[in-house]
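The next block holds one structure in the form of structure tokens; read it before the comments.
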Amino acid sequence: PDPKPWILLRESAFGLVDGGDLPEGVPTPMHDTQRLLYLDPSAVGPAPDDEAFNLSGLELELLDLDTDLSEIGSMDVINARAVESALARFADGDDDNGDPSTDPTLDSGAPSKPDQEAEVSDDASRPEYHRPDHSEFDPTNYLAVAAFYQGPSDVVPDQYRTHQTMHKDALREHELIDGPWKAEGRCDHCGTSFHHGVCYRHTPSGLLVNIGHICARKSSLPIPDKDPSRTIVLSLQDRWHRWLTVRRHCL
């Protein structure tokens with residue numbers, strides 16, 4: 001028997017599978033079939049030994065993410081989107097607050113104006129007076145003193161060391177408002193517990209207000225210069241984008 005038809009069939013089959021040239025005289029199929037192409041494995045999906053992306057407890061706290069998101073695999077699309085959204089929310093908070101170092105109203109060396117001292121309300125020691133929903137709340141009356149950490153770890157993160165000292169100095173030199181932080185270490189704005197906070201001095205009264213970093217970003221109050229939380233998240237964002245870029249265009 002003539003083996004040619006079988007040879008053509010075999011070569012055609014291999015050509016359809018590996019994307020190579022079909023035998024001479026054999027037309028390329030136009031319907032009822034698909035040609036399979038072998039691609040670089042990294043373009044199809046993660047390699048078997050692909051490394052997951054890890055977030056520290058500190059990073060999870062700052063992004064307000066659950067602890068089960070501490071490890072993101074290459075195929076964890078939903079969890080990856082959650083991290084991406086959290087980073088975007090943090091960045092939006094930065095945009096809303098602007099750059100405190102360029103705001104002339106926040107000059108720590110500028111003394112309080114005499115008329116400001118005269119206008120201090122009798123309610124200035126109450127926490128309600130310093131909340132954004134109060135009728136007399138004015139963000140320009142607050143100076144960002146320092147960021148601080150009060151989490152469960154006895155070891156203060158390196159990024160907070162300078163600010164932690166500044167916070168302790170402020171506590172020695174100024175009185176606190178009679179709010180949740182003075183009583184139980186909770187946020188003077190919302191009353192909840194927090195690990196990462198910001199201390200503000202109400203310039204008309206000289207009293208200190210301590211709030212969690214999430215409330216600080218939502219309240220239009222200035223963020224401290226060289227904010228440790230921002231330093232940590234920017235480093236995380238850089239790692240995240242480098243890890244994600246390699247995997248984003250997989251099939």
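Labeling convention for the structure tokens: chains A, B, ... as they appear, residues from 1 per chain, ligands from 1 in order of appearance.
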Open item on the list: Please list as number ranges by chain every residue within 10 Å of segment 88-92 of chain A, counting only C-alpha atoms and excluding residues in the same chain fewer than 5 positions away.
Closed with: A: 62-64, 82-83, 97, 214, 217-218, 229-230, 233-234, 237
Dump C-alpha atoms for the selected residues as a CSV table (one decimal), in the first residue's frame?
```csv
chain,number,residue,atom,x,y,z
A,62,LEU,CA,-1.9,49.8,57.7
A,63,LEU,CA,-4.0,48.7,54.7
A,64,ASP,CA,-6.8,47.5,57.0
A,82,ALA,CA,-8.2,43.3,47.5
A,83,VAL,CA,-4.6,44.3,48.0
A,97,ASN,CA,-4.3,65.5,52.6
A,214,ILE,CA,-7.4,55.8,59.3
A,217,ARG,CA,-6.7,60.3,56.6
A,218,LYS,CA,-10.5,60.7,56.5
A,229,SER,CA,2.9,54.6,57.8
A,230,ARG,CA,3.3,56.2,54.3
A,233,VAL,CA,3.1,51.4,52.4
A,234,LEU,CA,5.2,53.0,49.7
A,237,GLN,CA,3.6,49.2,46.9
```
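The interatomic distance for the pair atom CA of Leu207 of chain A and atom CA of Phe148 of chain A works out to 17.0 Å.
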Shell of 7 Å around segment 172-188 of chain A, only C-alpha atoms, local chain residues under 6 positions omitted, as a tab-separated table (two decimals) with C-alpha atoms, in the first residue's frame:
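Once everything was written out, this is around-v5.tsv:
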```tsv
chain	number	residue	atom	x	y	z
A	125	SER	CA	-11.24	69.65	76.36
A	126	ARG	CA	-14.14	67.47	75.17
A	127	PRO	CA	-13.54	64.96	72.33
A	194	PHE	CA	-5.81	51.24	66.89
A	206	GLY	CA	-2.63	73.74	73.20
A	207	LEU	CA	-4.34	70.40	73.95
A	208	LEU	CA	-3.30	67.13	72.33
A	209	VAL	CA	-5.65	64.94	70.29
A	210	ASN	CA	-4.64	61.35	69.45
A	211	ILE	CA	-6.42	59.50	66.65
A	212	GLY	CA	-5.94	56.36	64.56
```
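Proximity ranking of A:Tyr200, A:Phe53, A:Asp154, A:Asp122 relative to Arg247 of chain A places A:Phe53 first, based on only C-alpha atoms.
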